[in-house]
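K.L.:
File run.pdb below, PDB, C-alpha atoms, pLDDT in the B column:
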```pdb
ATOM      1  CA  MET A   8       0.000   0.000   0.000  1.00 45.00           C
ATOM      2  CA  THR A   9       1.359   3.446  -0.878  1.00 50.00           C
ATOM      3  CA  LYS A  10       1.636   6.056   1.804  1.00 54.00           C
ATOM      4  CA  THR A  11       0.684   9.652   1.038  1.00 55.00           C
ATOM      5  CA  ASP A  12       2.259  12.552   2.854  1.00 61.00           C
ATOM      6  CA  ALA A  13      -0.441  14.761   4.294  1.00 60.00           C
ATOM      7  CA  THR A  14       0.155  18.415   5.089  1.00 61.00           C
ATOM      8  CA  PRO A  15      -1.388  19.236   8.441  1.00 62.00           C
ATOM      9  CA  ALA A  16      -4.064  21.944   8.264  1.00 61.00           C
ATOM     10  CA  PRO A  17      -3.026  25.224   9.901  1.00 62.00           C
ATOM     11  CA  VAL A  18      -4.453  25.687  13.374  1.00 66.00           C
ATOM     12  CA  ILE A  19      -6.794  28.690  13.472  1.00 72.00           C
ATOM     13  CA  LYS A  20      -7.398  30.245  16.849  1.00 80.00           C
ATOM     14  CA  PRO A  21     -10.831  31.899  16.887  1.00 85.00           C
ATOM     15  CA  LYS A  22     -11.220  35.349  18.448  1.00 89.00           C
ATOM     16  CA  LYS A  23     -13.919  36.201  20.995  1.00 90.00           C
ATOM     17  CA  ASP A  24     -16.007  39.377  20.936  1.00 89.00           C
ATOM     18  CA  LYS A  25     -17.712  41.142  23.850  1.00 90.00           C
ATOM     19  CA  ASP A  26     -20.970  39.207  23.276  1.00 89.00           C
ATOM     20  CA  GLY A  27     -19.219  35.869  23.671  1.00 91.00           C
ATOM     21  CA  ASN A  28     -19.285  35.043  19.944  1.00 92.00           C
ATOM     22  CA  SER A  29     -16.211  33.287  18.638  1.00 93.00           C
ATOM     23  CA  TYR A  30     -15.148  34.029  15.080  1.00 93.00           C
ATOM     24  CA  TYR A  31     -12.303  33.767  12.626  1.00 91.00           C
ATOM     25  CA  SER A  32     -11.707  34.965   9.093  1.00 92.00           C
ATOM     26  CA  GLU A  33      -9.917  33.674   6.047  1.00 91.00           C
ATOM     27  CA  GLU A  34      -9.195  35.003   2.586  1.00 90.00           C
ATOM     28  CA  VAL A  35     -10.630  32.998  -0.309  1.00 84.00           C
ATOM     29  CA  ASN A  36     -10.025  34.197  -3.900  1.00 82.00           C
ATOM     30  CA  GLY A  37      -9.533  37.806  -2.762  1.00 88.00           C
ATOM     31  CA  GLN A  38     -12.747  37.770  -0.712  1.00 91.00           C
ATOM     32  CA  HIS A  39     -12.874  37.672   3.055  1.00 93.00           C
ATOM     33  CA  LYS A  40     -14.880  34.955   4.736  1.00 93.00           C
ATOM     34  CA  VAL A  41     -15.896  35.198   8.392  1.00 94.00           C
ATOM     35  CA  TYR A  42     -17.131  32.197  10.354  1.00 93.00           C
ATOM     36  CA  LEU A  43     -18.928  33.016  13.608  1.00 94.00           C
ATOM     37  CA  THR A  44     -20.357  30.784  16.326  1.00 93.00           C
ATOM     38  CA  THR A  45     -22.651  32.470  18.832  1.00 92.00           C
ATOM     39  CA  LYS A  46     -22.681  31.727  22.539  1.00 90.00           C
ATOM     40  CA  GLY A  47     -25.904  29.778  21.922  1.00 87.00           C
ATOM     41  CA  GLY A  48     -24.264  27.625  19.258  1.00 88.00           C
ATOM     42  CA  ARG A  49     -25.631  29.215  16.063  1.00 91.00           C
ATOM     43  CA  GLN A  50     -23.122  28.845  13.241  1.00 92.00           C
ATOM     44  CA  LEU A  51     -22.948  31.596  10.649  1.00 94.00           C
ATOM     45  CA  GLU A  52     -20.733  32.583   7.753  1.00 94.00           C
ATOM     46  CA  ASN A  53     -20.489  35.556   5.427  1.00 95.00           C
ATOM     47  CA  THR A  54     -18.251  36.527   2.535  1.00 94.00           C
ATOM     48  CA  ALA A  55     -17.564  40.199   1.782  1.00 94.00           C
ATOM     49  CA  ASP A  56     -14.835  42.504   0.415  1.00 94.00           C
ATOM     50  CA  THR A  57     -13.340  43.013   3.869  1.00 93.00           C
ATOM     51  CA  ALA A  58     -13.360  40.868   6.999  1.00 93.00           C
ATOM     52  CA  ASP A  59     -14.878  43.763   8.962  1.00 94.00           C
ATOM     53  CA  GLU A  60     -17.801  44.103   6.516  1.00 94.00           C
ATOM     54  CA  ALA A  61     -18.450  40.352   6.740  1.00 94.00           C
ATOM     55  CA  TYR A  62     -18.348  40.454  10.542  1.00 94.00           C
ATOM     56  CA  GLN A  63     -20.748  43.447  10.618  1.00 94.00           C
ATOM     57  CA  ASN A  64     -23.111  41.654   8.189  1.00 94.00           C
ATOM     58  CA  ILE A  65     -23.371  38.720  10.604  1.00 95.00           C
ATOM     59  CA  LEU A  66     -24.023  41.023  13.584  1.00 94.00           C
ATOM     60  CA  THR A  67     -26.760  42.853  11.601  1.00 94.00           C
ATOM     61  CA  TYR A  68     -28.303  39.487  10.672  1.00 94.00           C
ATOM     62  CA  LEU A  69     -28.293  38.337  14.299  1.00 93.00           C
ATOM     63  CA  LYS A  70     -30.005  41.547  15.460  1.00 91.00           C
ATOM     64  CA  ALA A  71     -32.699  41.401  12.712  1.00 83.00           C
TER      65      ALA A  71
ATOM     66  CA  MET B  29     -20.100 -29.406   0.463  1.00 80.00           C
ATOM     67  CA  PRO B  30     -19.110 -27.015   3.275  1.00 87.00           C
ATOM     68  CA  THR B  31     -16.389 -24.436   2.620  1.00 87.00           C
ATOM     69  CA  ALA B  32     -13.651 -23.965   5.217  1.00 89.00           C
ATOM     70  CA  ALA B  33     -13.694 -20.469   6.721  1.00 90.00           C
ATOM     71  CA  THR B  34     -10.683 -18.205   6.353  1.00 87.00           C
ATOM     72  CA  ASP B  35      -9.865 -15.011   8.217  1.00 90.00           C
ATOM     73  CA  PRO B  36     -11.207 -11.883   6.530  1.00 83.00           C
ATOM     74  CA  GLY B  37      -8.560  -9.770   4.788  1.00 79.00           C
ATOM     75  CA  PHE B  38      -8.370  -6.016   4.361  1.00 71.00           C
ATOM     76  CA  ILE B  39     -10.106  -4.579   1.336  1.00 64.00           C
ATOM     77  CA  ALA B  40      -8.699  -1.622  -0.612  1.00 60.00           C
ATOM     78  CA  LEU B  41      -9.234   1.661   1.229  1.00 54.00           C
ATOM     79  CA  ASP B  42     -10.947   3.429  -1.680  1.00 53.00           C
ATOM     80  CA  THR B  43     -13.883   1.023  -1.552  1.00 51.00           C
ATOM     81  CA  VAL B  44     -14.629   1.787   2.077  1.00 53.00           C
ATOM     82  CA  ALA B  45     -17.031   4.630   2.802  1.00 53.00           C
ATOM     83  CA  VAL B  46     -15.292   6.778   5.375  1.00 55.00           C
ATOM     84  CA  ARG B  47     -17.562   9.299   7.076  1.00 53.00           C
ATOM     85  CA  LYS B  48     -15.436  12.010   8.620  1.00 57.00           C
ATOM     86  CA  GLN B  49     -18.024  14.774   8.663  1.00 69.00           C
ATOM     87  CA  LEU B  50     -21.813  14.754   8.458  1.00 80.00           C
ATOM     88  CA  ASP B  51     -23.674  16.399   5.608  1.00 87.00           C
ATOM     89  CA  TYR B  52     -25.128  19.769   6.501  1.00 91.00           C
ATOM     90  CA  LEU B  53     -27.106  22.661   5.086  1.00 94.00           C
ATOM     91  CA  LEU B  54     -26.491  26.415   5.179  1.00 95.00           C
ATOM     92  CA  ILE B  55     -29.358  28.768   4.372  1.00 95.00           C
ATOM     93  CA  ALA B  56     -29.409  32.555   3.978  1.00 95.00           C
ATOM     94  CA  VAL B  57     -32.622  34.569   4.161  1.00 93.00           C
ATOM     95  CA  LYS B  58     -32.547  38.145   2.817  1.00 89.00           C
ATOM     96  CA  THR B  59     -32.046  40.522   5.739  1.00 88.00           C
ATOM     97  CA  PRO B  60     -32.240  44.351   5.576  1.00 88.00           C
ATOM     98  CA  GLY B  61     -28.898  46.107   6.096  1.00 90.00           C
ATOM     99  CA  VAL B  62     -26.806  43.109   5.120  1.00 91.00           C
ATOM    100  CA  THR B  63     -24.626  43.546   1.988  1.00 91.00           C
ATOM    101  CA  THR B  64     -24.030  39.859   1.135  1.00 93.00           C
ATOM    102  CA  PRO B  65     -25.981  36.733   2.187  1.00 95.00           C
ATOM    103  CA  VAL B  66     -25.311  35.580   5.765  1.00 95.00           C
ATOM    104  CA  PHE B  67     -25.455  31.792   5.793  1.00 95.00           C
ATOM    105  CA  GLU B  68     -26.651  30.002   8.910  1.00 95.00           C
ATOM    106  CA  ARG B  69     -26.187  26.316   9.520  1.00 93.00           C
ATOM    107  CA  VAL B  70     -29.488  24.458  10.016  1.00 92.00           C
ATOM    108  CA  SER B  71     -29.740  22.196  13.067  1.00 88.00           C
ATOM    109  CA  LEU B  72     -30.804  18.940  11.475  1.00 88.00           C
ATOM    110  CA  VAL B  73     -32.529  16.119  13.364  1.00 85.00           C
ATOM    111  CA  ALA B  74     -31.433  13.582  10.764  1.00 80.00           C
ATOM    112  CA  GLU B  75     -28.993  13.290   7.900  1.00 76.00           C
ATOM    113  CA  LEU B  76     -29.602  15.914   5.250  1.00 85.00           C
ATOM    114  CA  GLY B  77     -31.932  14.605   2.535  1.00 86.00           C
ATOM    115  CA  ALA B  78     -30.419  14.015  -0.884  1.00 88.00           C
ATOM    116  CA  PHE B  79     -30.762  16.558  -3.683  1.00 90.00           C
ATOM    117  CA  ALA B  80     -33.676  14.950  -5.532  1.00 88.00           C
ATOM    118  CA  LYS B  81     -33.490  16.210  -9.125  1.00 89.00           C
ATOM    119  CA  ASN B  82     -36.573  16.822 -11.230  1.00 89.00           C
ATOM    120  CA  VAL B  83     -35.511  15.989 -14.782  1.00 90.00           C
ATOM    121  CA  GLN B  84     -38.023  15.386 -17.543  1.00 92.00           C
ATOM    122  CA  THR B  85     -37.339  14.047 -20.996  1.00 92.00           C
ATOM    123  CA  SER B  86     -39.699  14.898 -23.838  1.00 91.00           C
ATOM    124  CA  GLU B  87     -39.618  12.976 -27.066  1.00 89.00           C
ATOM    125  CA  LEU B  88     -41.070  13.327 -30.524  1.00 85.00           C
ATOM    126  CA  PRO B  89     -40.785   9.902 -32.126  1.00 81.00           C
ATOM    127  CA  ILE B  90     -40.921   8.943 -35.794  1.00 78.00           C
ATOM    128  CA  PHE B  91     -39.555  12.160 -37.159  1.00 75.00           C
ATOM    129  CA  VAL B  92     -39.192  11.354 -40.859  1.00 81.00           C
ATOM    130  CA  GLU B  93     -36.151  12.900 -42.523  1.00 83.00           C
ATOM    131  CA  ALA B  94     -35.915  13.462 -46.282  1.00 88.00           C
ATOM    132  CA  ASP B  95     -33.580  10.486 -46.593  1.00 89.00           C
ATOM    133  CA  GLY B  96     -36.246   8.179 -45.140  1.00 85.00           C
ATOM    134  CA  SER B  97     -34.568   7.755 -41.738  1.00 86.00           C
ATOM    135  CA  THR B  98     -36.754   8.113 -38.643  1.00 84.00           C
ATOM    136  CA  PRO B  99     -34.826   9.700 -35.793  1.00 84.00           C
ATOM    137  CA  THR B 100     -36.508  10.606 -32.510  1.00 86.00           C
ATOM    138  CA  LEU B 101     -36.249  14.150 -31.234  1.00 87.00           C
ATOM    139  CA  ARG B 102     -35.430  14.301 -27.555  1.00 89.00           C
ATOM    140  CA  ALA B 103     -35.173  17.187 -25.131  1.00 92.00           C
ATOM    141  CA  THR B 104     -34.049  16.951 -21.530  1.00 91.00           C
ATOM    142  CA  GLN B 105     -35.495  19.555 -19.233  1.00 89.00           C
ATOM    143  CA  ASP B 106     -33.927  20.270 -15.865  1.00 86.00           C
ATOM    144  CA  ASN B 107     -36.610  21.507 -13.494  1.00 86.00           C
ATOM    145  CA  GLY B 108     -34.377  21.971 -10.442  1.00 87.00           C
ATOM    146  CA  GLY B 109     -35.245  19.666  -7.596  1.00 92.00           C
ATOM    147  CA  THR B 110     -35.936  19.416  -3.894  1.00 94.00           C
ATOM    148  CA  ILE B 111     -33.820  18.955  -0.777  1.00 94.00           C
ATOM    149  CA  PRO B 112     -35.970  17.772   2.154  1.00 93.00           C
ATOM    150  CA  PHE B 113     -34.742  18.454   5.677  1.00 93.00           C
ATOM    151  CA  ALA B 114     -36.107  18.462   9.216  1.00 91.00           C
ATOM    152  CA  THR B 115     -35.161  20.442  12.267  1.00 89.00           C
ATOM    153  CA  ALA B 116     -36.138  20.029  15.905  1.00 80.00           C
ATOM    154  CA  SER B 117     -39.565  21.554  16.353  1.00 68.00           C
ATOM    155  CA  GLY B 118     -38.609  24.388  18.676  1.00 71.00           C
ATOM    156  CA  ALA B 119     -40.400  27.312  17.084  1.00 72.00           C
ATOM    157  CA  SER B 120     -38.430  29.600  19.393  1.00 80.00           C
ATOM    158  CA  ASN B 121     -35.334  28.835  17.324  1.00 84.00           C
ATOM    159  CA  ALA B 122     -34.448  32.002  15.376  1.00 89.00           C
ATOM    160  CA  LEU B 123     -33.630  30.209  12.124  1.00 91.00           C
ATOM    161  CA  THR B 124     -36.769  28.031  12.305  1.00 90.00           C
ATOM    162  CA  LYS B 125     -38.814  31.253  12.640  1.00 90.00           C
ATOM    163  CA  LYS B 126     -37.073  32.721   9.584  1.00 92.00           C
ATOM    164  CA  LEU B 127     -37.726  29.545   7.578  1.00 93.00           C
ATOM    165  CA  ILE B 128     -41.420  29.530   8.501  1.00 92.00           C
ATOM    166  CA  ALA B 129     -41.698  33.216   7.526  1.00 92.00           C
ATOM    167  CA  ALA B 130     -39.832  32.567   4.252  1.00 94.00           C
ATOM    168  CA  ALA B 131     -42.231  29.697   3.461  1.00 94.00           C
ATOM    169  CA  LYS B 132     -45.317  31.748   4.272  1.00 94.00           C
ATOM    170  CA  ASN B 133     -44.276  34.889   2.391  1.00 93.00           C
ATOM    171  CA  GLY B 134     -42.507  33.194  -0.499  1.00 91.00           C
ATOM    172  CA  TRP B 135     -39.164  34.886   0.238  1.00 92.00           C
ATOM    173  CA  PRO B 136     -36.313  33.490  -1.852  1.00 93.00           C
ATOM    174  CA  VAL B 137     -33.391  31.929  -0.013  1.00 95.00           C
ATOM    175  CA  VAL B 138     -29.789  31.175  -0.924  1.00 96.00           C
ATOM    176  CA  PHE B 139     -28.378  27.820   0.104  1.00 96.00           C
ATOM    177  CA  LYS B 140     -25.243  25.739   0.296  1.00 95.00           C
ATOM    178  CA  ALA B 141     -25.879  21.997   0.750  1.00 94.00           C
ATOM    179  CA  MET B 142     -22.649  20.339   1.869  1.00 92.00           C
ATOM    180  CA  TYR B 143     -22.671  16.652   0.935  1.00 90.00           C
ATOM    181  CA  HIS B 144     -19.376  15.582   2.454  1.00 83.00           C
ATOM    182  CA  SER B 145     -20.339  11.947   1.939  1.00 77.00           C
ATOM    183  CA  ALA B 146     -20.273  12.535  -1.821  1.00 83.00           C
ATOM    184  CA  SER B 147     -17.443  15.144  -1.837  1.00 84.00           C
ATOM    185  CA  VAL B 148     -19.798  17.615  -3.472  1.00 90.00           C
ATOM    186  CA  ARG B 149     -21.599  20.799  -2.537  1.00 92.00           C
ATOM    187  CA  VAL B 150     -24.725  22.191  -4.161  1.00 93.00           C
ATOM    188  CA  TYR B 151     -24.914  26.016  -4.226  1.00 94.00           C
ATOM    189  CA  GLY B 152     -28.003  27.819  -5.409  1.00 94.00           C
ATOM    190  CA  ASN B 153     -31.257  29.699  -4.932  1.00 95.00           C
ATOM    191  CA  GLY B 154     -34.583  28.326  -3.870  1.00 95.00           C
ATOM    192  CA  THR B 155     -37.785  28.733  -1.961  1.00 95.00           C
ATOM    193  CA  ILE B 156     -38.867  27.101   1.296  1.00 96.00           C
ATOM    194  CA  GLY B 157     -41.841  24.784   1.597  1.00 95.00           C
ATOM    195  CA  ASP B 158     -43.194  24.245   5.109  1.00 94.00           C
ATOM    196  CA  ARG B 159     -44.198  20.604   5.561  1.00 92.00           C
ATOM    197  CA  GLY B 160     -45.381  21.211   9.129  1.00 90.00           C
ATOM    198  CA  ILE B 161     -44.791  19.210  12.281  1.00 87.00           C
ATOM    199  CA  GLN B 162     -43.957  15.604  11.574  1.00 84.00           C
ATOM    200  CA  GLY B 163     -44.631  12.560  13.718  1.00 80.00           C
ATOM    201  CA  ASP B 164     -47.600  10.872  15.359  1.00 82.00           C
ATOM    202  CA  ALA B 165     -48.776  11.153  18.983  1.00 82.00           C
ATOM    203  CA  ASN B 166     -45.945   8.979  20.285  1.00 84.00           C
ATOM    204  CA  ALA B 167     -43.157  10.507  18.212  1.00 81.00           C
ATOM    205  CA  ILE B 168     -40.854  13.337  19.167  1.00 81.00           C
ATOM    206  CA  PRO B 169     -42.138  16.089  16.861  1.00 82.00           C
ATOM    207  CA  THR B 170     -39.864  17.539  14.224  1.00 86.00           C
ATOM    208  CA  TRP B 171     -40.451  20.352  11.791  1.00 90.00           C
ATOM    209  CA  GLY B 172     -40.170  19.350   8.143  1.00 91.00           C
ATOM    210  CA  PHE B 173     -39.181  21.654   5.291  1.00 93.00           C
ATOM    211  CA  ASP B 174     -38.585  21.338   1.572  1.00 94.00           C
ATOM    212  CA  LEU B 175     -35.921  23.429  -0.083  1.00 95.00           C
ATOM    213  CA  ASN B 176     -37.299  23.856  -3.611  1.00 95.00           C
ATOM    214  CA  VAL B 177     -34.333  24.520  -5.845  1.00 94.00           C
ATOM    215  CA  ILE B 178     -34.677  27.258  -8.488  1.00 92.00           C
ATOM    216  CA  ASN B 179     -31.115  27.136  -9.789  1.00 91.00           C
ATOM    217  CA  TYR B 180     -27.944  25.419  -8.662  1.00 92.00           C
ATOM    218  CA  ARG B 181     -24.289  24.708  -9.418  1.00 93.00           C
ATOM    219  CA  TYR B 182     -22.269  21.702  -8.300  1.00 92.00           C
ATOM    220  CA  VAL B 183     -19.084  22.642  -6.438  1.00 92.00           C
ATOM    221  CA  GLY B 184     -16.227  20.295  -5.642  1.00 89.00           C
ATOM    222  CA  THR B 185     -14.306  20.149  -2.388  1.00 82.00           C
ATOM    223  CA  ASP B 186     -11.547  22.202  -4.096  1.00 83.00           C
ATOM    224  CA  ASN B 187     -14.085  25.089  -4.284  1.00 84.00           C
ATOM    225  CA  ASN B 188     -14.286  24.939  -8.100  1.00 87.00           C
ATOM    226  CA  TYR B 189     -17.433  24.395 -10.141  1.00 90.00           C
ATOM    227  CA  ILE B 190     -17.654  20.751 -11.200  1.00 89.00           C
ATOM    228  CA  ASP B 191     -19.801  21.463 -14.261  1.00 81.00           C
ATOM    229  CA  ASP B 192     -17.056  23.664 -15.789  1.00 73.00           C
ATOM    230  CA  ASN B 193     -14.834  20.607 -16.214  1.00 65.00           C
ATOM    231  CA  ALA B 194     -14.924  18.786 -19.516  1.00 57.00           C
TER     232      ALA B 194
END
```
For the file at hand, write its structure as C-alpha cells.
P.N.:
Amino acid sequence: MTKTDATPAPVIKPKKDKDGNSYYSEEVNGQHKVYLTTKGGRQLENTADTADEAYQNILTYLKA
Amino acid sequence: MPTAATDPGFIALDTVAVRKQLDYLLIAVKTPGVTTPVFERVSLVAELGAFAKNVQTSELPIFVEADGSTPTLRATQDNGGTIPFATASGASNALTKKLIAAAKNGWPVVFKAMYHSASVRVYGNGTIGDRGIQGDANAIPTWGFDLNVINYRYVGTDNNYIDDNA
C-alpha cells in the first residue's frame, strides 16, 4: 500500500467578541470569509470585500 | 459441500465509505442592512436529505427525414429539484422562525448543501416549503421543510465548479 504525505491543516485560533461570539476569518479568492459561532451555538458565515464588513453583516443578521 | 472459513482480509481503502463529517445545510434569508448573504447552519434532526433532481425528458418519435430515416427528437429539461430536511420543532429557534416566515411569504433563499459523503456541494437559490410538524402522537415532533431549488451549481471540495470541467 502506498503512503501519502499529508500536510497538516493550519491551526486557526478563533477570536472572541464582547458578546461571547467566537469568530475567525480567512481570505478565499480575494474575498474575506468570516465564520462566527454564537454563545448559543448558532453557526454563521459571510463573505464580503473586507473581513470587517463580513463580521458586521453577521451582527446585523443576528439583530434582525 | 461445506467451505472452510478463512480469516477476513483487508479490502482496498478506496472502496470503504469513510464518514469524517456529516452532511449539513447552510441557508441565507434576505435581511435588511446586510450587503451579502449571511449563511446560517441548520440544526438537522437527521442526515440531510439528498438533492432529488426533477428531470423530464420529452420525445417526438418517428420524425421522418428526407432520406427516409426516422430519428426521434429528444429534449431533456432540468426543473431543479428538492432537498428535504427536518429540524427540531422548537419554534423559538431564530432560524426556524425565519424559515417559517420565508415559506409563508414566499421569500427566496440562498443555500449551500454540503454533501461531504459525496465530496460535493450544491450552491443555489430556492424557496422554502413548510411541511409542518412531523410525527404521530408517540413521536418526538420535528419540523419538516422542503428546499425547492430554483437554480444550482455543483461545487467540488476544491471550491471549483464541477460542471465547468470537460
K.L.:
Work out how far apart CA of Lys46 in chain A and CA of Gly77 in chain B are and give it in Å to one decimal.
P.N.:
27.9 Å
K.L.:
Which neighbours of His39 in chain A fall inside 8 Å, counting all atoms listed in the file, when residues of the same chain fewer than 3 positions from it are skipped, and could you give them as a list in words?
P.N.:
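Result of the neighbour search: Ser32, Glu33, Glu34, Val35, Thr54, Ala55, Asp56, Thr57, Ala58 and Ala61 of chain A.
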K.L.:
Taking only C-alpha atoms into account, which residues of chain B are within 9 Å of chain A, as a PDB file with C-alpha atoms, in the coordinates of the input?
P.N.:
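Full text of out-v7.pdb as output:
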```pdb
ATOM      1  CA  ALA B  40      -8.699  -1.622  -0.612  1.00 60.00           C
ATOM      2  CA  LEU B  54     -26.491  26.415   5.179  1.00 95.00           C
ATOM      3  CA  THR B  59     -32.046  40.522   5.739  1.00 88.00           C
ATOM      4  CA  PRO B  60     -32.240  44.351   5.576  1.00 88.00           C
ATOM      5  CA  GLY B  61     -28.898  46.107   6.096  1.00 90.00           C
ATOM      6  CA  VAL B  62     -26.806  43.109   5.120  1.00 91.00           C
ATOM      7  CA  THR B  63     -24.626  43.546   1.988  1.00 91.00           C
ATOM      8  CA  THR B  64     -24.030  39.859   1.135  1.00 93.00           C
ATOM      9  CA  PRO B  65     -25.981  36.733   2.187  1.00 95.00           C
ATOM     10  CA  VAL B  66     -25.311  35.580   5.765  1.00 95.00           C
ATOM     11  CA  PHE B  67     -25.455  31.792   5.793  1.00 95.00           C
ATOM     12  CA  GLU B  68     -26.651  30.002   8.910  1.00 95.00           C
ATOM     13  CA  ARG B  69     -26.187  26.316   9.520  1.00 93.00           C
ATOM     14  CA  VAL B  70     -29.488  24.458  10.016  1.00 92.00           C
ATOM     15  CA  SER B  71     -29.740  22.196  13.067  1.00 88.00           C
ATOM     16  CA  ALA B 122     -34.448  32.002  15.376  1.00 89.00           C
ATOM     17  CA  LEU B 123     -33.630  30.209  12.124  1.00 91.00           C
TER      18      LEU B 123
END
```
K.L.:
Neighbouring residues of range 111-114 of chain B were defined as those with any atom within 9 Å, considering only C-alpha atoms; residues of the same chain fewer than 3 positions away were excluded. Please report them as a ChimeraX atom specification.
P.N.:
/B:53,70-81,117,141,162,170-177
K.L.:
Restricting it to C-alpha atoms, dump the selection as a short mmCIF file (atom, residue, chain, number, x, y, z; two decimals), keeping the file's coordinate frame.
P.N.:
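Result written to result_9.cif:
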```cif
data_model
loop_
_atom_site.label_atom_id
_atom_site.label_comp_id
_atom_site.auth_asym_id
_atom_site.auth_seq_id
_atom_site.Cartn_x
_atom_site.Cartn_y
_atom_site.Cartn_z
CA LEU B 53 -27.11 22.66 5.09
CA VAL B 70 -29.49 24.46 10.02
CA SER B 71 -29.74 22.20 13.07
CA LEU B 72 -30.80 18.94 11.48
CA VAL B 73 -32.53 16.12 13.36
CA ALA B 74 -31.43 13.58 10.76
CA GLU B 75 -28.99 13.29 7.90
CA LEU B 76 -29.60 15.91 5.25
CA GLY B 77 -31.93 14.60 2.54
CA ALA B 78 -30.42 14.02 -0.88
CA PHE B 79 -30.76 16.56 -3.68
CA ALA B 80 -33.68 14.95 -5.53
CA LYS B 81 -33.49 16.21 -9.12
CA SER B 117 -39.56 21.55 16.35
CA ALA B 141 -25.88 22.00 0.75
CA GLN B 162 -43.96 15.60 11.57
CA THR B 170 -39.86 17.54 14.22
CA TRP B 171 -40.45 20.35 11.79
CA GLY B 172 -40.17 19.35 8.14
CA PHE B 173 -39.18 21.65 5.29
CA ASP B 174 -38.58 21.34 1.57
CA LEU B 175 -35.92 23.43 -0.08
CA ASN B 176 -37.30 23.86 -3.61
CA VAL B 177 -34.33 24.52 -5.84
#
```
K.L.:
Quick check, in Å to one decimal: how far apart do CA of Trp135 in chain B and CA of Asn179 in chain B lie?
P.N.:
15.0 Å
